[in-house]
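Let me begin by presenting the structure, written as structure tokens, before commenting on it.
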Amino acid sequence: MPEPMGFFTDTTVCIGCKACEVACKEWNQLPARNGGVGELSGDSYDNTRKLDGIHWRHVRFIEQFKGPYDGRWLMMSDVCKHCVQAGCLEVCPTGAIIRTEFDTVVIQSDVCNGCRACIAACPFGVIDINPVSGTAQKCTLCYDRLKVGLEPACSKACPTDSIQFGAIAELRTRAHKRVDQLKAQGVKAELYGADPEGALGGLNSFYLLVDEPEVYGLPRHPQLPSRHLAKSATFSAASAAVLGVLALVGLRKRRMDELGGGGGSGGGAGGGGQN
Amino acid sequence: MSDTFFSGAPHWTWFIIPYFFIGGLAGGAYFLAALLDWFGRPEDRPVVRTGYDVAAVGAILSGLLLTIDLGQPLRFWHMLFQSANFPAIMFKGWSPMSFGAWGILLFGLFAVLSALGARAEEGRLQMPALRAVGGMVRGGVAKLVAGIGGLIGLFIAGYTGILLSVTNRPIWADSPWLGALFIASGVSTGAATLILLSPRRGATERSLGWLSSFDARALVVELIALIAFIVSLGSVNRVWMSVWGLLLLVGVVWFGILAPLRMHARRQPLATSAKLVLVGGFLLRLATMLASEGIDHYRVAVGL
């Protein structure tokens with residue numbers, strides 16, 4: 001059994017070249033554009049804007065400028081987090097989403113029927129419909145390449161090693177050393193998703209960030225969608241019980257009124273109550 | 001900011017919103033019909049028969065809407081059977097959509113059986129095969145089918161709200177009250193549908209009176225659940241500062257709940273009040289769905 005594999009993305013060395021995006025599209029034969037329509041964001045050099053069914057890698061550009069000479073660019077190559085406790089896998093009603101022997105999460109496109117439950121379940125907004133296949137799609141962590149001992153296309157193409165691929169345990173050790181190094185230099189650096197005791201049992205694609213998670217478009221406390229299941233089901237059952245009792249009480253009252261009032265046949269048919 | 005604002009919209013819109021509405025009222029109508037079948041009087045039979053018809057038609061429409069909405073409609077059966085291991089069952093008890101797929105199938109089966117039984121009772125079935133099936137659904141069997149089907153109907157009316165809560169989307173996943181709200185709304189719209197349709201099948205004034213009285217109580221439960229829903233949203237409520245908030249306040253609360261309650265108290269025409277309840281039930285689904293669906297664009301607009 002192979003050990004869990006994943007990505008460690010050090011955002012401090014990302015230069016925003018988008019080589020990872022291109023390598024991902026090339027290897028996975030994803031269309032460059034959605035239906036041939038070129039969309040420019042209009043307010044950023046980043047025209048991809050977000051992860052979706054045809055963008056399984058996305059280099060996020062965060063422009064923090066207070067004035068012409070006071071600002072910085074933050075860049076982060078974003079991807080599916082391959083959560084140890086995956087919300088998408090939890091809700092998928094067809095069994096199309098599976099956990100592989102590498103502890104990664106993969107959508108089987110020939111099983112998915114495009115119900116889109118996984119899209120709403122993912123706390124990171126990673127999954128979307130691929131308009132070509134009509135199914136939900138996302139990063140597979142290049143499962144086909146892993147099977148033959150190759151590293152994923154994105155990390156292979158990354159020119160600065162911002163995206164590092166490897167065994168999760170080793171990546172975590174490397175990430176902690178990098179954080180210590182940056183902190184020693186006075187840089188505010190934190191790991192996101194590296195804690196196996198943390199949210200979702202840890203993320204198999206985790207990040208080194210130098211600002212708050214929200215700045216990078218990441219939720220601070222990602223949760224499983226099932227967190228509301230028991231409570232929601234209980235409230236619904238209570239509502240159903242109340243309605244059932246109200247209906248029965250109403251029927252009983254009607255009967256009592258009939259007995260008390262001498263009964264009656266109920267009048268003629270055909271919408272007498274409409275008047 | 002709630003963590004739900006970082007998720008993506010599932011594009012559940014113009015097929016799913018009508019499904020939520022039709023499924024809810026069909027489930028509610030079946031529940032009420034079954035209740036009258038079990039505990040009502042012989043004079044309630046027109047309402048019972050109408051309820052079974054509404055449930056059967058609603059179940060078929062629901063199945064069609066859900067199938068058309070899929071990205072790969074011909075694979076709808078993947079929700080019921082394992083595609084690579086047919087005929088092994090595909091079922092996840094902890095996934096509301098998986099549970100719901102089976103719920104819809106069973107609901108349709110029971111609703112059609114009850115409707116056939118009711119039509120056979122009236123002697124309105126011409127085809128021998130249907131007459132044979134309808135003829136079997138009578139007496140104790142009919143009551144058993146109605147009892148189980150009525151409970152499934154109640155489930156169908158509310159599971160859609162639970163399904164929305166078991167996501168990571170803003171509004172939906174920020175409250176555990178949507179299931180309770182949708183059940184009350186489903187039963188209320190079911191009662192309204194029966195008030196409008198059953199007079200044509202010969203419903204008596206007394207039956208309609210009970211339906212109207214129950215609908216008023218269901219509307220009160222719906223209002224309480226709606227208040228609990230809004231209170232539980234906390235800071236997320238700022239999303240209602242939009243056209244959807246206006247629709248929720250004016251369309252759902254005023255025209256869909258308070259106005260029918262007022263009309264009920266003043267003993268004004270049942271049909272007008274029932275129509276308002278139906279409009280309110282539809283707008284509730286519309287506002288709840290689209291207010292959340294639109295937040296993906298909001299997220300991009302603020303540069304997240």
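Scheme for the structure tokens: letters A, B, ... for chains in order shown; per-chain residue numbers from 1; ligand numbers from 1 in order shown.
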
Pick out each residue of region 43-262 of chain A that DSSP on the backbone tags as strand (DSSP E or B); I need them as an NGL selection string. :A and (52 or 55 or 57-67 or 70-79 or 83 or 97-99 or 105-107 or 128-130 or 135-137 or 163-167 or 190-192 or 203 or 205-209)

Can you tell me, as a list in words, what residues are no more than 12 Å from Lys188 (chain A) when counting only C-alpha atoms, ignoring any on the same chain fewer than 5 positions away?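 What passes the distance filter is Thr12, Arg178, Val179, Asp180, Gln181, Leu182, Lys183, Leu208, Leu209, Val210, Asp211 and Glu212 of chain A.
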
Take the residues from that selection and put them in a file with N, CA and C atoms, as a PDB file, in the first residue's frame.
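Generated file (result28.pdb):
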ATOM      1  N   THR A  12       5.325  31.622  -0.852  1.00  0.00           N
ATOM      2  CA  THR A  12       6.330  32.704  -0.845  1.00  0.00           C
ATOM      3  C   THR A  12       7.239  32.655  -2.066  1.00  0.00           C
ATOM      4  N   ARG A 178      10.561  25.146   6.748  1.00  0.00           N
ATOM      5  CA  ARG A 178      10.453  26.376   5.942  1.00  0.00           C
ATOM      6  C   ARG A 178       9.781  27.488   6.756  1.00  0.00           C
ATOM      7  N   VAL A 179       8.794  27.129   7.533  1.00  0.00           N
ATOM      8  CA  VAL A 179       8.122  28.128   8.377  1.00  0.00           C
ATOM      9  C   VAL A 179       9.105  28.686   9.394  1.00  0.00           C
ATOM     10  N   ASP A 180       9.889  27.794  10.025  1.00  0.00           N
ATOM     11  CA  ASP A 180      10.883  28.244  11.015  1.00  0.00           C
ATOM     12  C   ASP A 180      11.881  29.188  10.361  1.00  0.00           C
ATOM     13  N   GLN A 181      12.305  28.834   9.159  1.00  0.00           N
ATOM     14  CA  GLN A 181      13.277  29.659   8.432  1.00  0.00           C
ATOM     15  C   GLN A 181      12.715  31.058   8.161  1.00  0.00           C
ATOM     16  N   LEU A 182      11.465  31.100   7.699  1.00  0.00           N
ATOM     17  CA  LEU A 182      10.839  32.386   7.387  1.00  0.00           C
ATOM     18  C   LEU A 182      10.620  33.217   8.646  1.00  0.00           C
ATOM     19  N   LYS A 183      10.202  32.555   9.725  1.00  0.00           N
ATOM     20  CA  LYS A 183       9.959  33.283  10.974  1.00  0.00           C
ATOM     21  C   LYS A 183      11.262  33.878  11.497  1.00  0.00           C
ATOM     22  N   LEU A 208       1.672  27.070   2.623  1.00  0.00           N
ATOM     23  CA  LEU A 208       2.357  28.011   3.511  1.00  0.00           C
ATOM     24  C   LEU A 208       1.868  29.397   3.110  1.00  0.00           C
ATOM     25  N   LEU A 209       1.246  30.104   4.050  1.00  0.00           N
ATOM     26  CA  LEU A 209       0.654  31.415   3.765  1.00  0.00           C
ATOM     27  C   LEU A 209       1.372  32.500   4.565  1.00  0.00           C
ATOM     28  N   VAL A 210       1.368  33.719   4.050  1.00  0.00           N
ATOM     29  CA  VAL A 210       1.955  34.843   4.796  1.00  0.00           C
ATOM     30  C   VAL A 210       0.898  35.891   5.147  1.00  0.00           C
ATOM     31  N   ASP A 211      -0.361  35.522   5.004  1.00  0.00           N
ATOM     32  CA  ASP A 211      -1.460  36.405   5.423  1.00  0.00           C
ATOM     33  C   ASP A 211      -2.595  35.509   5.897  1.00  0.00           C
ATOM     34  N   GLU A 212      -3.703  36.123   6.279  1.00  0.00           N
ATOM     35  CA  GLU A 212      -4.832  35.341   6.786  1.00  0.00           C
ATOM     36  C   GLU A 212      -5.387  34.432   5.670  1.00  0.00           C
TER      37      GLU A 212
END

Once you count only C-alpha atoms, which residues of chain B turn out to be within 7 Å of chain A? Could you give them as a PyMOL selection string? chain B and resi 3-4+6-10+70-73+75-76+78-79+83+90+92+95+97-98+158+162+165-169+176-177+179-180+183-184+199-200+202-206+208-210+214+218+269-271+304

For N, CA and C atoms, I'd like the residues from the last selection saved as a short mmCIF file (atom, residue, chain, number, x, y, z; two decimals), in the first residue's frame.
data_model
loop_
_atom_site.label_atom_id
_atom_site.label_comp_id
_atom_site.auth_asym_id
_atom_site.auth_seq_id
_atom_site.Cartn_x
_atom_site.Cartn_y
_atom_site.Cartn_z
N ASP B 3 -17.65 30.86 6.90
CA ASP B 3 -16.79 30.03 6.04
C ASP B 3 -17.52 29.52 4.81
N THR B 4 -18.84 29.57 4.84
CA THR B 4 -19.62 29.06 3.70
C THR B 4 -19.46 29.95 2.46
N PHE B 6 -16.93 30.68 0.91
CA PHE B 6 -15.79 30.28 0.07
C PHE B 6 -16.12 29.08 -0.83
N SER B 7 -17.35 28.63 -0.76
CA SER B 7 -17.74 27.46 -1.58
C SER B 7 -18.25 27.91 -2.95
N GLY B 8 -18.47 26.96 -3.83
CA GLY B 8 -18.95 27.27 -5.17
C GLY B 8 -20.44 26.97 -5.30
N ALA B 9 -21.12 27.72 -6.18
CA ALA B 9 -22.57 27.52 -6.38
C ALA B 9 -22.81 26.29 -7.26
N PRO B 10 -23.79 25.45 -6.89
CA PRO B 10 -24.02 24.21 -7.65
C PRO B 10 -24.94 24.37 -8.87
N LEU B 70 -29.85 16.84 -14.55
CA LEU B 70 -28.53 16.22 -14.45
C LEU B 70 -27.65 16.61 -15.64
N GLY B 71 -26.35 16.66 -15.40
CA GLY B 71 -25.42 16.92 -16.49
C GLY B 71 -25.40 15.77 -17.49
N GLN B 72 -25.66 14.57 -17.00
CA GLN B 72 -25.74 13.36 -17.83
C GLN B 72 -27.06 12.66 -17.48
N PRO B 73 -28.18 13.12 -18.06
CA PRO B 73 -29.49 12.60 -17.65
C PRO B 73 -29.65 11.09 -17.80
N ARG B 75 -27.71 8.90 -17.07
CA ARG B 75 -27.09 8.18 -15.95
C ARG B 75 -27.87 8.39 -14.65
N PHE B 76 -29.15 8.76 -14.74
CA PHE B 76 -29.93 9.00 -13.52
C PHE B 76 -29.93 7.77 -12.61
N HIS B 78 -27.62 5.84 -11.88
CA HIS B 78 -26.41 5.68 -11.06
C HIS B 78 -26.67 6.04 -9.60
N MET B 79 -27.75 6.80 -9.35
CA MET B 79 -28.09 7.15 -7.97
C MET B 79 -28.77 5.99 -7.25
N SER B 83 -23.14 1.60 -10.84
CA SER B 83 -23.04 1.50 -12.30
C SER B 83 -22.07 0.41 -12.73
N MET B 90 -27.10 1.28 -4.82
CA MET B 90 -26.28 2.45 -4.46
C MET B 90 -27.07 3.24 -3.42
N LYS B 92 -26.46 5.72 0.24
CA LYS B 92 -25.69 6.29 1.34
C LYS B 92 -26.68 6.94 2.29
N SER B 95 -26.17 10.63 3.05
CA SER B 95 -26.22 11.63 1.97
C SER B 95 -27.68 11.91 1.64
N MET B 97 -29.06 13.44 -0.71
CA MET B 97 -29.43 13.25 -2.11
C MET B 97 -29.61 11.77 -2.44
N SER B 98 -28.76 10.93 -1.87
CA SER B 98 -28.90 9.49 -2.07
C SER B 98 -30.21 9.00 -1.45
N GLY B 158 -39.86 17.50 3.09
CA GLY B 158 -38.85 18.16 3.91
C GLY B 158 -37.41 17.82 3.62
N ILE B 162 -33.22 19.58 4.20
CA ILE B 162 -32.06 18.94 4.85
C ILE B 162 -30.91 18.85 3.85
N SER B 165 -29.17 22.01 3.77
CA SER B 165 -28.38 22.24 5.00
C SER B 165 -27.09 21.43 4.98
N VAL B 166 -27.13 20.25 4.34
CA VAL B 166 -25.95 19.38 4.30
C VAL B 166 -25.11 19.74 3.06
N THR B 167 -24.71 21.00 3.02
CA THR B 167 -23.78 21.49 1.99
C THR B 167 -22.79 22.40 2.70
N ASN B 168 -22.07 23.16 1.93
CA ASN B 168 -21.22 24.20 2.52
C ASN B 168 -21.55 25.55 1.93
N ARG B 169 -22.82 25.71 1.47
CA ARG B 169 -23.21 26.95 0.80
C ARG B 169 -23.76 27.98 1.80
N PRO B 176 -29.82 25.07 10.49
CA PRO B 176 -30.37 23.70 10.45
C PRO B 176 -31.89 23.69 10.31
N TRP B 177 -32.50 24.85 10.01
CA TRP B 177 -33.97 24.96 10.05
C TRP B 177 -34.67 24.78 8.71
N GLY B 179 -35.05 22.26 6.67
CA GLY B 179 -35.87 21.06 6.55
C GLY B 179 -37.23 21.25 7.21
N ALA B 180 -37.20 21.79 8.44
CA ALA B 180 -38.45 22.03 9.17
C ALA B 180 -39.32 23.03 8.42
N ILE B 183 -40.86 21.40 5.26
CA ILE B 183 -41.94 20.46 5.58
C ILE B 183 -43.24 21.23 5.82
N ALA B 184 -43.13 22.28 6.64
CA ALA B 184 -44.34 23.07 6.94
C ALA B 184 -44.89 23.69 5.66
N PRO B 199 -62.75 20.34 -4.89
CA PRO B 199 -64.17 20.61 -5.14
C PRO B 199 -64.65 20.02 -6.46
N ARG B 200 -63.76 19.96 -7.47
CA ARG B 200 -64.17 19.38 -8.77
C ARG B 200 -64.46 17.89 -8.66
N GLY B 202 -65.91 16.69 -6.02
CA GLY B 202 -67.07 16.56 -5.14
C GLY B 202 -66.78 16.70 -3.66
N ALA B 203 -65.71 17.44 -3.33
CA ALA B 203 -65.38 17.61 -1.90
C ALA B 203 -66.48 18.41 -1.19
N THR B 204 -66.75 18.02 0.05
CA THR B 204 -67.81 18.70 0.80
C THR B 204 -67.26 19.93 1.50
N GLU B 205 -68.17 20.78 1.92
CA GLU B 205 -67.80 22.00 2.64
C GLU B 205 -67.04 21.66 3.92
N ARG B 206 -67.47 20.56 4.56
CA ARG B 206 -66.85 20.17 5.82
C ARG B 206 -65.39 19.74 5.60
N LEU B 208 -63.47 20.70 3.11
CA LEU B 208 -62.70 21.90 2.76
C LEU B 208 -62.45 22.76 4.00
N GLY B 209 -63.39 22.78 4.90
CA GLY B 209 -63.24 23.53 6.14
C GLY B 209 -62.08 22.98 6.96
N TRP B 210 -62.01 21.64 7.02
CA TRP B 210 -60.90 21.04 7.77
C TRP B 210 -59.56 21.37 7.11
N PHE B 214 -56.62 23.41 8.85
CA PHE B 214 -55.28 22.82 9.00
C PHE B 214 -54.24 23.70 8.32
N ALA B 218 -50.76 25.10 9.72
CA ALA B 218 -49.47 24.81 9.06
C ALA B 218 -48.74 26.10 8.73
N PRO B 269 -62.80 34.14 1.05
CA PRO B 269 -62.80 32.99 0.14
C PRO B 269 -61.56 32.09 0.27
N LEU B 270 -61.81 30.78 0.35
CA LEU B 270 -60.73 29.82 0.52
C LEU B 270 -59.82 29.78 -0.69
N ALA B 271 -60.41 29.90 -1.89
CA ALA B 271 -59.62 29.75 -3.11
C ALA B 271 -58.55 30.83 -3.22
N LEU B 304 -12.44 38.03 -3.64
CA LEU B 304 -11.99 36.89 -2.83
C LEU B 304 -11.38 35.80 -3.70
#

Can you pull out the residues contacting Gly149 (chain A)? Cut-off 12 Å, using only C-alpha atoms, and skip same-chain residues under 3 positions away; I want them as a list in words.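 After dropping sequence-adjacent residues, the list is Pro2, Met5, Phe102, Cys142, Tyr143, Asp144, Arg145, Leu146, Pro152 and Gly166 of chain A.
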
Residues within 9 Å of Val13 (chain A), please, as a list in words. Count only C-alpha atoms; anything in the same chain fewer than 6 positions from it doesn't count.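 Contacts, in chain order: Met75, Thr160, Asp161 and Ser162 of chain A.
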
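Using only C-alpha atoms, the smallest distance between any of A:Val245, A:Cys139, A:Met76, A:Ala167 and Ile97 (chain A) comes from A:Cys139.
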
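The residues of region 189-243 of chain A that DSSP classifies as helix (DSSP H, G or I), using the backbone of this structure, are Ala199, Leu200, Gly201, Pro213, Glu214, Val215, Tyr216, Pro225, Ser226, Arg227, His228, Leu229, Ala230, Lys231, Ser232, Ala233, Thr234, Phe235, Ser236, Ala237, Ala238, Ser239, Ala240, Ala241, Val242 and Leu243 of chain A.
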